[in-house]
>>> print(open('my_file04.txt').read())   # compact mmCIF, C-alpha atoms
# COMPACT_ATOMS: atom_id res chain seq x y z
CA MET J 1 79.10 124.25 99.83
CA ASN J 2 77.47 125.28 96.58
CA LYS J 3 78.84 124.09 93.32
CA LEU J 4 81.29 126.65 91.94
CA ARG J 5 80.15 128.28 88.75
CA LEU J 6 83.20 129.41 86.84
CA PRO J 7 83.70 129.82 83.09
CA LEU J 8 85.73 126.63 82.82
CA ASN J 9 85.25 123.41 80.88
CA THR J 10 85.27 120.76 83.62
CA ARG J 11 85.05 118.02 80.98
CA ALA J 12 88.49 119.11 79.77
CA ILE J 13 89.86 118.80 83.32
CA ASP J 14 88.37 115.30 83.64
CA SER J 15 89.97 114.29 80.34
CA LEU J 16 93.32 115.60 81.55
CA ILE J 17 93.05 113.68 84.83
CA VAL J 18 92.21 110.38 83.14
CA PHE J 19 94.99 110.97 80.59
CA LEU J 20 97.47 111.46 83.44
CA LEU J 21 96.18 108.37 85.25
CA PHE J 22 97.09 106.21 82.25
CA PHE J 23 100.73 107.08 83.02
CA ASN J 24 100.44 106.18 86.72
CA LEU J 25 102.10 102.75 86.49
CA PRO J 26 104.48 103.58 83.58
CA VAL J 27 105.90 106.48 85.61
CA ASP J 28 106.28 104.15 88.61
CA MET J 29 108.24 101.82 86.31
CA VAL J 30 110.61 104.65 85.33
CA ASN J 31 110.93 105.57 88.98
CA GLY J 32 111.76 101.95 89.84
CA ILE J 33 114.45 101.75 87.17
CA LEU J 34 116.06 104.97 88.45
CA LEU J 35 116.00 103.91 92.11
CA ASN J 36 117.22 100.37 91.40
CA SER J 37 120.05 101.93 89.39
CA GLY J 38 121.09 103.99 92.41
CA ILE J 39 119.77 107.32 91.08
CA ASN J 40 118.12 109.02 94.07
CA LEU J 41 116.59 112.41 93.32
CA PRO J 42 115.52 114.88 96.08
CA VAL J 43 111.93 114.28 95.01
CA SER J 44 111.33 111.08 93.07
CA VAL J 45 109.80 111.11 89.59
CA SER J 46 106.81 109.16 90.90
CA GLN J 47 106.20 111.53 93.83
CA LEU J 48 106.36 114.57 91.58
CA PHE J 49 104.02 113.05 89.00
CA LYS J 50 101.46 111.96 91.61
CA LEU J 51 101.62 115.39 93.23
CA VAL J 52 100.64 116.93 89.88
CA ILE J 53 97.67 114.54 89.61
CA LEU J 54 96.58 115.26 93.19
CA VAL J 55 96.71 119.03 92.62
CA VAL J 56 94.62 118.77 89.44
CA ILE J 57 92.08 116.48 91.15
CA LEU J 58 91.86 118.77 94.19
CA PHE J 59 91.16 121.67 91.85
CA ARG J 60 88.47 119.58 90.12
CA LEU J 61 86.84 118.74 93.47
CA LEU J 62 86.04 122.44 93.86
CA PHE J 63 83.44 122.02 91.11
CA PHE J 64 81.65 119.10 92.75
CA PRO J 65 78.72 119.80 95.08
CA GLY J 66 79.07 118.85 98.74
CA ILE J 67 81.92 119.13 101.24
CA ALA J 68 84.41 116.65 99.76
CA ILE J 69 87.19 119.23 99.49
CA PHE J 70 86.56 120.31 103.11
CA ILE J 71 86.81 116.72 104.36
CA VAL J 72 90.07 116.16 102.45
CA PHE J 73 91.74 119.27 103.88
CA THR J 74 90.45 118.52 107.40
CA VAL J 75 91.90 115.01 107.36
CA TYR J 76 95.15 116.30 105.87
CA LEU J 77 95.41 118.90 108.63
CA LEU J 78 94.67 116.34 111.36
CA PHE J 79 97.53 114.19 110.08
CA PHE J 80 100.00 116.99 109.35
CA VAL J 81 99.53 118.84 112.65
CA SER J 82 101.58 116.12 114.37
CA SER J 83 104.61 116.96 112.20
CA ILE J 84 104.14 120.70 112.74
CA VAL J 85 104.03 120.29 116.53
CA GLN J 86 107.04 117.98 116.41
CA SER J 87 109.01 120.56 114.42
CA PHE J 88 108.57 123.06 117.28
CA TYR J 89 109.70 120.43 119.81
CA THR J 90 112.89 119.74 117.86
CA GLN J 91 113.38 123.21 116.33
CA SER J 92 113.95 121.38 113.05
CA PHE J 93 111.80 121.93 109.96
CA GLY J 94 113.63 120.03 107.23
CA PHE J 95 111.53 116.88 107.61
CA LEU J 96 108.19 118.65 107.04
CA VAL J 97 108.31 118.30 103.26
CA ASP J 98 109.03 114.58 103.53
CA ASP J 99 106.20 114.11 106.04
CA PHE J 100 103.84 116.12 103.85
CA ILE J 101 104.56 113.86 100.86
CA LYS J 102 104.15 110.67 102.92
CA ILE J 103 100.73 111.81 104.13
CA SER J 104 99.74 112.12 100.46
CA ARG J 105 99.98 108.33 100.18
CA TYR J 106 97.06 107.93 102.55
CA LEU J 107 95.15 110.94 101.23
CA SER J 108 95.46 109.90 97.58
CA ILE J 109 92.89 107.19 98.36
CA LEU J 110 90.46 109.70 99.87
CA ILE J 111 91.02 112.27 97.12
CA GLY J 112 90.67 109.63 94.40
CA PHE J 113 87.52 108.29 96.06
CA PHE J 114 85.79 111.67 96.15
CA TYR J 115 86.78 112.42 92.56
CA PHE J 116 85.53 109.15 91.09
CA ARG J 117 82.45 109.26 93.31
CA GLY J 118 81.65 112.68 91.87
CA LEU J 119 81.94 111.29 88.36
CA PHE J 120 79.78 108.24 89.08
CA LYS J 121 77.07 110.25 90.84
CA LYS J 122 76.44 112.34 87.75
CA THR J 123 75.44 111.05 84.34
CA LEU J 124 78.67 109.99 82.68
CA ASN J 125 79.27 110.26 78.99
CA GLN J 126 79.52 106.67 77.69
CA LYS J 127 82.77 107.44 75.88
CA PHE J 128 84.31 108.89 79.04
CA GLU J 129 83.06 105.93 81.08
CA LYS J 130 84.83 103.58 78.67
CA TYR J 131 88.06 105.50 79.14
CA LEU J 132 87.86 105.00 82.90
CA PHE J 133 87.59 101.22 82.52
CA ARG J 134 90.22 101.21 79.78
CA TRP J 135 92.54 102.82 82.33
CA ILE J 136 91.93 99.82 84.63
CA TYR J 137 92.52 97.28 81.84
CA PHE J 138 95.59 99.15 80.58
CA SER J 139 97.05 99.31 84.10
CA TYR J 140 96.46 95.58 84.55
CA VAL J 141 98.29 94.81 81.30
CA VAL J 142 101.22 97.02 82.34
CA LEU J 143 101.44 95.25 85.70
CA ALA J 144 101.04 91.74 84.25
CA VAL J 145 103.72 92.34 81.60
CA ASN J 146 106.07 93.64 84.32
CA LEU J 147 105.63 90.41 86.25
CA LEU J 148 105.83 88.12 83.21
CA VAL J 149 109.19 89.53 82.02
CA LYS J 150 110.68 87.54 84.91
CA LEU J 151 110.24 84.47 82.70
CA VAL J 152 112.71 85.87 80.15
CA GLY J 153 115.18 87.17 82.73
CA PHE J 154 114.14 90.82 83.00
CA GLY J 155 112.90 92.91 85.92
CA TYR J 156 114.02 93.00 89.55
CA PRO J 157 113.54 90.20 92.11
CA MET J 158 111.13 90.69 94.98
CA TYR J 159 113.77 89.31 97.38
CA SER J 160 117.37 89.82 96.32
CA ALA J 161 118.57 86.97 98.52
CA GLY J 162 118.22 83.93 96.30
CA ASN J 163 116.75 85.98 93.43
CA ILE J 164 113.25 85.01 94.61
CA GLY J 165 110.08 86.41 93.08
CA THR J 166 109.66 89.45 90.87
CA LYS J 167 108.42 93.02 91.10
CA GLY J 168 108.96 93.79 87.44
CA PHE J 169 110.56 97.20 86.98
CA PHE J 170 108.85 98.68 90.02
CA TYR J 171 110.69 99.66 93.18
CA ALA J 172 108.10 99.19 95.93
CA GLY J 173 107.59 95.48 95.43
CA ASN J 174 105.51 94.99 98.58
CA GLU J 175 102.78 97.19 97.07
CA ILE J 176 102.50 95.18 93.85
CA SER J 177 100.37 92.46 95.45
CA ALA J 178 97.68 94.96 96.47
CA VAL J 179 97.58 96.55 93.01
CA LEU J 180 97.29 93.14 91.34
CA LEU J 181 94.50 92.20 93.75
CA ILE J 182 92.52 95.39 93.04
CA LEU J 183 92.91 95.42 89.26
CA SER J 184 92.21 91.70 88.83
CA GLY J 185 89.23 92.00 91.20
CA ILE J 186 87.61 94.75 89.11
CA ILE J 187 88.12 92.88 85.84
CA ALA J 188 87.02 89.55 87.33
CA TYR J 189 83.84 91.15 88.66
CA GLN J 190 83.05 92.35 85.14
CA PHE J 191 83.68 88.87 83.71
CA TRP J 192 81.38 87.23 86.28
CA TYR J 193 78.53 89.73 86.72
CA ILE J 194 78.61 92.06 83.73
CA ASN J 195 79.75 89.80 80.89
CA LYS J 196 78.59 86.59 82.64
CA ASN J 197 81.47 84.66 81.08
CA LYS J 198 82.33 81.90 83.58
CA VAL J 199 84.96 80.23 81.37
CA LEU J 200 86.87 83.49 80.96
CA TYR J 201 86.53 84.02 84.72
CA ILE J 202 88.18 80.68 85.55
CA GLY J 203 90.96 81.28 83.04
CA PHE J 204 91.56 84.75 84.48
CA LEU J 205 91.71 83.24 87.98
CA LEU J 206 94.44 80.82 86.91
CA LEU J 207 96.40 83.60 85.24
CA ASN J 208 96.35 85.75 88.37
CA ILE J 209 97.32 82.86 90.63
CA PHE J 210 100.28 82.34 88.33
CA LEU J 211 101.17 86.06 88.58
CA GLY J 212 100.86 85.88 92.37
CA VAL J 213 103.25 82.93 92.42
CA LEU J 214 105.69 84.87 90.23
CA ILE J 215 105.65 87.65 92.83
CA SER J 216 106.36 84.99 95.50
CA SER J 217 103.88 86.55 97.88
CA LYS J 218 101.48 84.53 100.02
CA THR J 219 99.37 87.68 100.30
CA ALA J 220 98.98 87.86 96.52
CA VAL J 221 98.12 84.18 96.03
CA LEU J 222 95.75 83.81 98.99
CA GLY J 223 94.22 87.24 98.40
CA ILE J 224 93.45 86.51 94.74
CA VAL J 225 91.89 83.13 95.53
CA LEU J 226 89.78 84.73 98.28
CA VAL J 227 88.60 87.66 96.12
CA PHE J 228 87.66 85.44 93.17
CA LEU J 229 85.87 83.00 95.48
CA VAL J 230 83.84 85.69 97.26
CA ILE J 231 82.92 87.36 93.94
CA ALA J 232 81.56 84.09 92.55
CA ILE J 233 79.61 83.11 95.69
CA ASP J 234 76.73 85.46 96.39
CA PRO J 235 74.54 83.97 99.17
CA LYS J 236 71.53 86.03 98.09
CA LYS J 237 71.58 84.54 94.59
CA ILE J 238 71.87 80.92 95.67
CA LYS J 239 68.57 79.17 94.96
CA LEU J 240 67.98 75.52 95.74
CA LYS J 241 66.84 74.51 92.27
CA ILE J 242 67.84 71.22 90.71
CA ASN J 243 69.83 72.93 87.93
CA THR J 244 71.61 75.12 90.46
CA VAL J 245 72.49 72.12 92.63
CA LEU J 246 73.80 70.14 89.64
CA THR J 247 75.88 73.10 88.45
CA ALA J 248 77.30 73.59 91.95
CA LEU J 249 78.18 69.91 92.24
CA ALA J 250 79.81 69.92 88.80
CA SER J 251 81.84 72.97 89.76
CA PHE J 252 82.82 71.39 93.06
CA PHE J 253 83.92 68.05 91.63
CA VAL J 254 85.47 69.33 88.38
CA LEU J 255 86.52 72.98 88.37
CA ILE J 256 87.54 73.44 92.01
CA PRO J 257 89.85 70.37 92.09
CA ILE J 258 91.47 71.57 88.86
CA VAL J 259 92.10 75.04 90.31
CA VAL J 260 93.37 73.60 93.61
CA TYR J 261 95.65 71.11 91.85
CA PHE J 262 97.01 73.74 89.49
CA THR J 263 97.69 76.13 92.37
CA TYR J 264 99.29 73.38 94.49
CA LYS J 265 101.64 72.23 91.72
CA LEU J 266 102.53 75.78 90.78
CA VAL J 267 103.29 76.86 94.32
CA LEU J 268 105.09 73.62 95.18
CA SER J 269 107.53 74.01 92.30
CA SER J 270 108.10 77.74 92.76
CA ALA J 271 110.52 79.88 94.72
CA VAL J 272 107.69 81.01 96.99
CA MET J 273 107.49 77.51 98.52
CA ILE J 274 111.24 77.51 99.17
CA ARG J 275 110.90 80.83 100.95
CA LEU J 276 107.83 79.79 102.93
CA THR J 277 109.41 76.49 103.97
CA TYR J 278 112.56 78.29 105.12
CA PHE J 279 110.67 80.74 107.34
CA TRP J 280 108.21 78.09 108.55
CA ASN J 281 111.11 76.02 109.91
CA LYS J 282 112.83 79.06 111.35
CA LEU J 283 109.95 81.00 112.94
CA ASP J 284 107.02 80.38 115.27
CA VAL J 285 103.49 80.42 113.81
CA ILE J 286 102.63 84.02 114.78
CA THR J 287 105.92 85.38 113.47
CA PHE J 288 105.48 83.35 110.27
CA VAL J 289 101.94 84.66 109.67
CA PHE J 290 102.96 88.27 110.29
CA SER J 291 106.33 87.90 108.50
CA SER J 292 108.17 89.16 111.63
CA ARG J 293 106.02 92.30 111.85
CA ASN J 294 104.94 91.29 115.35
CA ILE J 295 108.57 91.66 116.44
CA PHE J 296 108.66 95.24 115.13
CA VAL J 297 105.37 95.95 116.91
CA GLU J 298 106.82 94.79 120.23
CA LYS J 299 109.90 97.01 119.77
CA MET J 300 107.82 100.00 118.71
CA TRP J 301 105.39 99.58 121.59
CA GLU J 302 108.26 99.96 124.06
CA HIS J 303 109.27 103.23 122.38
CA TYR J 304 105.65 104.37 122.40
CA LYS J 305 105.36 103.80 126.15
CA ASN J 306 108.72 105.34 127.03
CA ASP J 307 109.47 108.01 124.41
CA TYR J 308 106.07 109.49 123.49
CA ASN J 309 104.69 112.34 125.62
CA VAL J 310 100.96 112.91 126.12
CA VAL J 311 100.62 115.19 123.08
CA GLN J 312 102.46 112.72 120.84
CA LYS J 313 100.25 109.88 122.04
CA VAL J 314 97.15 111.88 121.15
CA ILE J 315 98.13 113.43 117.79
CA GLY J 316 101.38 111.57 117.03
CA GLY J 317 104.81 112.92 116.20
CA GLY J 318 104.67 112.56 112.44
CA GLN J 319 106.11 109.99 110.08
CA THR J 320 109.78 110.97 110.48
CA PHE J 321 109.56 110.90 114.28
CA TYR J 322 107.93 107.47 114.14
CA GLU J 323 110.44 105.98 111.70
CA SER J 324 113.38 107.27 113.75
CA LYS J 325 112.48 104.97 116.65
CA ILE J 326 113.29 101.58 115.10
CA GLY J 327 114.61 102.73 111.73
CA THR J 328 111.60 101.39 109.84
CA ILE J 329 107.82 100.99 110.08
CA VAL J 330 105.96 97.93 111.38
CA GLU J 331 104.09 97.55 108.05
CA ILE J 332 100.63 97.12 109.56
CA ASP J 333 98.60 100.07 108.28
CA LEU J 334 96.47 100.77 111.35
CA LEU J 335 99.48 100.59 113.68
CA ASP J 336 101.62 102.66 111.30
CA ILE J 337 98.97 105.39 111.45
CA PHE J 338 98.65 105.00 115.23
CA PHE J 339 102.39 105.36 115.89
CA ALA J 340 102.78 108.25 113.39
CA TYR J 341 99.55 110.20 113.95
CA GLY J 342 98.46 109.06 117.39
CA VAL J 343 95.05 108.05 118.67
CA THR J 344 93.47 110.85 116.62
CA GLY J 345 94.86 109.55 113.34
CA ALA J 346 93.88 105.96 114.10
CA LEU J 347 90.31 106.96 114.99
CA VAL J 348 89.97 109.03 111.80
CA PHE J 349 91.24 106.09 109.75
CA ILE J 350 88.80 103.64 111.39
CA LEU J 351 85.88 106.07 111.10
CA LEU J 352 86.45 106.63 107.38
CA LEU J 353 86.60 102.88 106.72
CA LEU J 354 83.42 102.27 108.73
CA LEU J 355 81.56 105.01 106.84
CA LEU J 356 82.66 103.53 103.51
CA LEU J 357 81.69 100.03 104.61
CA CYS J 358 78.22 101.13 105.79
CA LYS J 359 77.57 103.01 102.55
CA ALA J 360 78.69 100.07 100.42
CA TYR J 361 76.49 97.74 102.50
CA THR J 362 73.38 99.85 101.92
CA HIS J 363 74.09 100.17 98.18
CA LYS J 364 74.91 96.53 97.49
CA SER J 365 71.30 95.45 97.98
CA ASN J 366 70.10 97.96 95.39
CA PRO J 367 70.24 96.64 91.79
CA ILE J 368 70.76 100.20 90.57
CA TYR J 369 74.35 99.99 91.86
CA PRO J 370 75.87 96.93 90.11
CA TYR J 371 79.38 97.45 91.51
CA ALA J 372 78.45 98.19 95.13
CA ARG J 373 78.99 94.55 96.12
CA LEU J 374 82.51 94.71 94.67
CA SER J 375 83.27 97.82 96.73
CA TYR J 376 81.91 96.08 99.84
CA ILE J 377 84.07 93.00 99.19
CA MET J 378 87.23 94.99 98.50
CA ILE J 379 86.85 97.24 101.56
CA ILE J 380 86.67 94.18 103.82
CA ILE J 381 89.42 92.15 102.13
CA LEU J 382 91.89 95.03 101.73
CA THR J 383 91.36 96.06 105.35
CA VAL J 384 91.95 92.51 106.60
CA ILE J 385 95.10 92.22 104.47
CA SER J 386 96.33 95.59 105.75
CA LEU J 387 96.27 94.18 109.29
CA PHE J 388 98.69 91.41 108.30
CA ALA J 389 100.72 92.67 105.35
CA GLY J 390 100.63 96.47 105.42
CA HIS J 391 101.40 98.84 102.54
CA ILE J 392 97.76 98.69 101.43
CA TYR J 393 96.37 102.06 102.50
CA SER J 394 99.84 103.61 102.50
CA SER J 395 100.55 102.44 98.97
CA GLY J 396 102.01 105.11 96.73
CA ILE J 397 101.33 102.95 93.68
CA GLY J 398 97.83 101.74 94.57
CA GLY J 399 96.19 104.86 96.05
CA PHE J 400 94.17 105.93 93.01
CA PHE J 401 93.14 102.34 92.24
CA ILE J 402 91.84 101.87 95.80
CA GLY J 403 89.94 105.16 95.58
CA PHE J 404 88.43 103.99 92.28
CA VAL J 405 87.26 100.56 93.47
CA PHE J 406 85.77 102.05 96.65
CA SER J 407 83.91 104.70 94.65
CA MET J 408 82.38 102.12 92.31
CA MET J 409 79.58 101.66 94.86
CA TYR J 410 78.14 104.92 93.38
CA TYR J 411 78.19 103.67 89.78
CA LYS J 412 74.59 103.52 88.51
CA LYS J 413 73.13 101.46 85.72
>>> encode(input="my_file04.txt", output="structure tokens")
Amino acid sequence: MNKLRLPLNTRAIDSLIVFLLFFNLPVDMVNGILLNSGINLPVSVSQLFKLVILVVILFRLLFFPGIAIFIVFTVYLLFFVSSIVQSFYTQSFGFLVDDFIKISRYLSILIGFFYFRGLFKKTLNQKFEKYLFRWIYFSYVVLAVNLLVKLVGFGYPMYSAGNIGTKGFFYAGNEISAVLLILSGIIAYQFWYINKNKVLYIGFLLLNIFLGVLISSKTAVLGIVLVFLVIAIDPKKIKLKINTVLTALASFFVLIPIVVYFTYKLVLSSAVMIRLTYFWNKLDVITFVFSSRNIFVEKMWEHYKNDYNVVQKVIGGGQTFYESKIGTIVEIDLLDIFFAYGVTGALVFILLLLLLLCKAYTHKSNPIYPYARLSYIMIIILTVISLFAGHIYSSGIGGFFIGFVFSMMYYKK
């Protein structure tokens, strides 16, 4: 597809998109306050706002060379066809709008990825580039402040029973961990590789562990420790020189024990330990690790075997059809896609991730792409987490952030 040549200032569209993205988390806060107050609108404020952003970005993709817009619409059609077919089975069409919006959660990652990739592949104005990273820093501050207000008695608890944890003023608390992981990972990578400030890096690690404990999520705490550890340890840059060995030993015997001790004391004295201890004593190991999601999988698998016909097993029955079986989702992204969009949807999802992973792998060895290693790390870690915790690739809050961090593999020096 040739690049469209229309009398339009694409720079103005880019400025509008980035301006709207600055309001991504603030609008989610407003949406959370409304929903937690019992105000349920036909279409939520957050859904409407993100739909506007998606439409503007899709329009902007028309001006990028390549077939990005074609890929987006093809994937959307492959997912949505299951709902269309199901509507003819049931002779009911009211759920199509809801299914269409829910597909947007997955596609916002793909759309965001192609948009940011298009920006990074061309020569970016330095001022505009700064605005992109300011959006990341601003979003992190908004999220961190939302979590910290728990200390002064504001915000909503992550788990209402026992007033455990916090999700700030957001509604979808189970998506907060992924957003914190992504935003802190991008900033930490800049501290370690771009600014080369190791002291600031360690301090930032401790701050984010503290925020993870405030959330009361084992995914947040373990994920943050893992991301920061993998960022700091690059096997290719380890050289067996005496100075390197001494620095490594000093870090091992001084910094690592401090971080471990701080994390241990913080977790031990927090509500997250009370919650973990309760479920550890109550559940078996597998059920504890998957937070009872394995039970939902077993129930859903029975419905899949007995209630799905051949067509539904191949292309799925749509999100509404899937959720009607056990009244919820299993919260494991790959299985959620499999049960909603069939074998076809699951294969498309796996293929897209593999293509991204291969591209990031080839770029990360090239010094021209300083952020490719970060993209490679985040693709692997987020995918692993999505197999245990869910709400990563179906995150309404985190979609654009995931698309951004994956596209950073195309950022050139």
>>> residues_around(input="my_file04.txt", residues="J:Val97", least_positions_apart="5", cutoff="12 Å", atoms="all atoms listed in the file", output="NGL selection string")
:J and (42-43 or 47 or 80 or 83-84 or 87 or 92 or 102-104 or 318-320)
>>> closest_residue(input="my_file04.txt", among="J:Asn146, J:Tyr304, J:Leu78, J:Leu357", to="J:Thr344", atoms="all atoms listed in the file")
J:Leu78
>>> atom_distance(input="my_file04.txt", atom1="atom CA of J:Val18", atom2="atom CA of J:Leu132")
6.9 Å
>>> atom_distance(input="my_file04.txt", atom1="atom CA of J:Ser394", atom2="atom CA of J:Tyr106")
5.1 Å
>>> atom_distance(input="my_file04.txt", atom1="atom CA of J:Lys412", atom2="atom CA of J:Ala372")
9.3 Å
>>> residues_around(input="my_file04.txt", residues="J:Trp301", least_positions_apart="5", cutoff="12 Å", atoms="all atoms listed in the file", output="PyMOL selection string")
chain J and resi 294-296+306-308+313+322+325-326+329-330+335-336+338-339
>>> write_last_selection(input="my_file04.txt", atoms="C-alpha atoms", output="compact mmCIF listing (two decimals), keeping the file's coordinate frame")
# COMPACT_ATOMS: atom_id res chain seq x y z
CA ASN J 294 104.94 91.29 115.35
CA ILE J 295 108.57 91.66 116.44
CA PHE J 296 108.66 95.24 115.13
CA ASN J 306 108.72 105.34 127.03
CA ASP J 307 109.47 108.01 124.41
CA TYR J 308 106.07 109.49 123.49
CA LYS J 313 100.25 109.88 122.04
CA TYR J 322 107.93 107.47 114.14
CA LYS J 325 112.48 104.97 116.65
CA ILE J 326 113.29 101.58 115.10
CA ILE J 329 107.82 100.99 110.08
CA VAL J 330 105.96 97.93 111.38
CA LEU J 335 99.48 100.59 113.68
CA ASP J 336 101.62 102.66 111.30
CA PHE J 338 98.65 105.00 115.23
CA PHE J 339 102.39 105.36 115.89
>>> closest_residue(input="my_file04.txt", among="J:Gly185, J:Phe64, J:Leu211, J:Leu200", to="J:Ile381", atoms="all atoms listed in the file")
J:Gly185
>>> residues_around(input="my_file04.txt", residues="J:Ser37", least_positions_apart="4", cutoff="12 Å", atoms="all atoms listed in the file", output="PDB file with C-alpha atoms, keeping the file's coordinate frame")
ATOM      1  CA  VAL J  30     110.610 104.650  85.330  1.00  0.00           C
ATOM      2  CA  ASN J  31     110.930 105.570  88.980  1.00  0.00           C
ATOM      3  CA  GLY J  32     111.760 101.950  89.840  1.00  0.00           C
ATOM      4  CA  ILE J  33     114.450 101.750  87.170  1.00  0.00           C
ATOM      5  CA  LEU J  41     116.590 112.410  93.320  1.00  0.00           C
ATOM      6  CA  TYR J 156     114.020  93.000  89.550  1.00  0.00           C
ATOM      7  CA  PHE J 169     110.560  97.200  86.980  1.00  0.00           C
ATOM      8  CA  PHE J 170     108.850  98.680  90.020  1.00  0.00           C
ATOM      9  CA  TYR J 171     110.690  99.660  93.180  1.00  0.00           C
TER      10      TYR J 171
END
>>> closest_residue(input="my_file04.txt", among="J:Lys127, J:Arg134, J:Lys218, J:Lys305", to="J:Ile385", atoms="only C-alpha atoms")
J:Lys218
>>> residues_near_point(input="my_file04.txt", point="(105.7, 95.2, 89.3)", cutoff="10 Å", atoms="all atoms listed in the file", output="ChimeraX atom specification")
/J:25,28-29,32,142-149,155-158,166-177,179-180,215,397
>>> residues_around(input="my_file04.txt", residues="J:Phe19", least_positions_apart="2", cutoff="12 Å", atoms="all atoms listed in the file", output="MDAnalysis selection string")
chainID J and resid 12:17 21:24 53 56 128 131:132 134:135 138
>>> closest_residue(input="my_file04.txt", among="J:Leu214, J:Val152, J:Phe228, J:Ile380", to="J:Ala188", atoms="only C-alpha atoms")
J:Phe228
>>> closest_residue(input="my_file04.txt", among="J:Val72, J:Tyr411, J:Tyr393, J:Val314", to="J:Ile350", atoms="only C-alpha atoms")
J:Tyr393
>>> closest_residue(input="my_file04.txt", among="J:Ser184, J:Asn40, J:Ser108, J:Ser216", to="J:Met378", atoms="all atoms listed in the file")
J:Ser184
>>> residues_around(input="my_file04.txt", residues="J:Leu110", least_positions_apart="6", cutoff="12 Å", atoms="only C-alpha atoms", output="PyMOL selection string")
chain J and resi 54+57-58+61+68-76+103-104+116-117+348-349+352-353+356+393-394+399-407
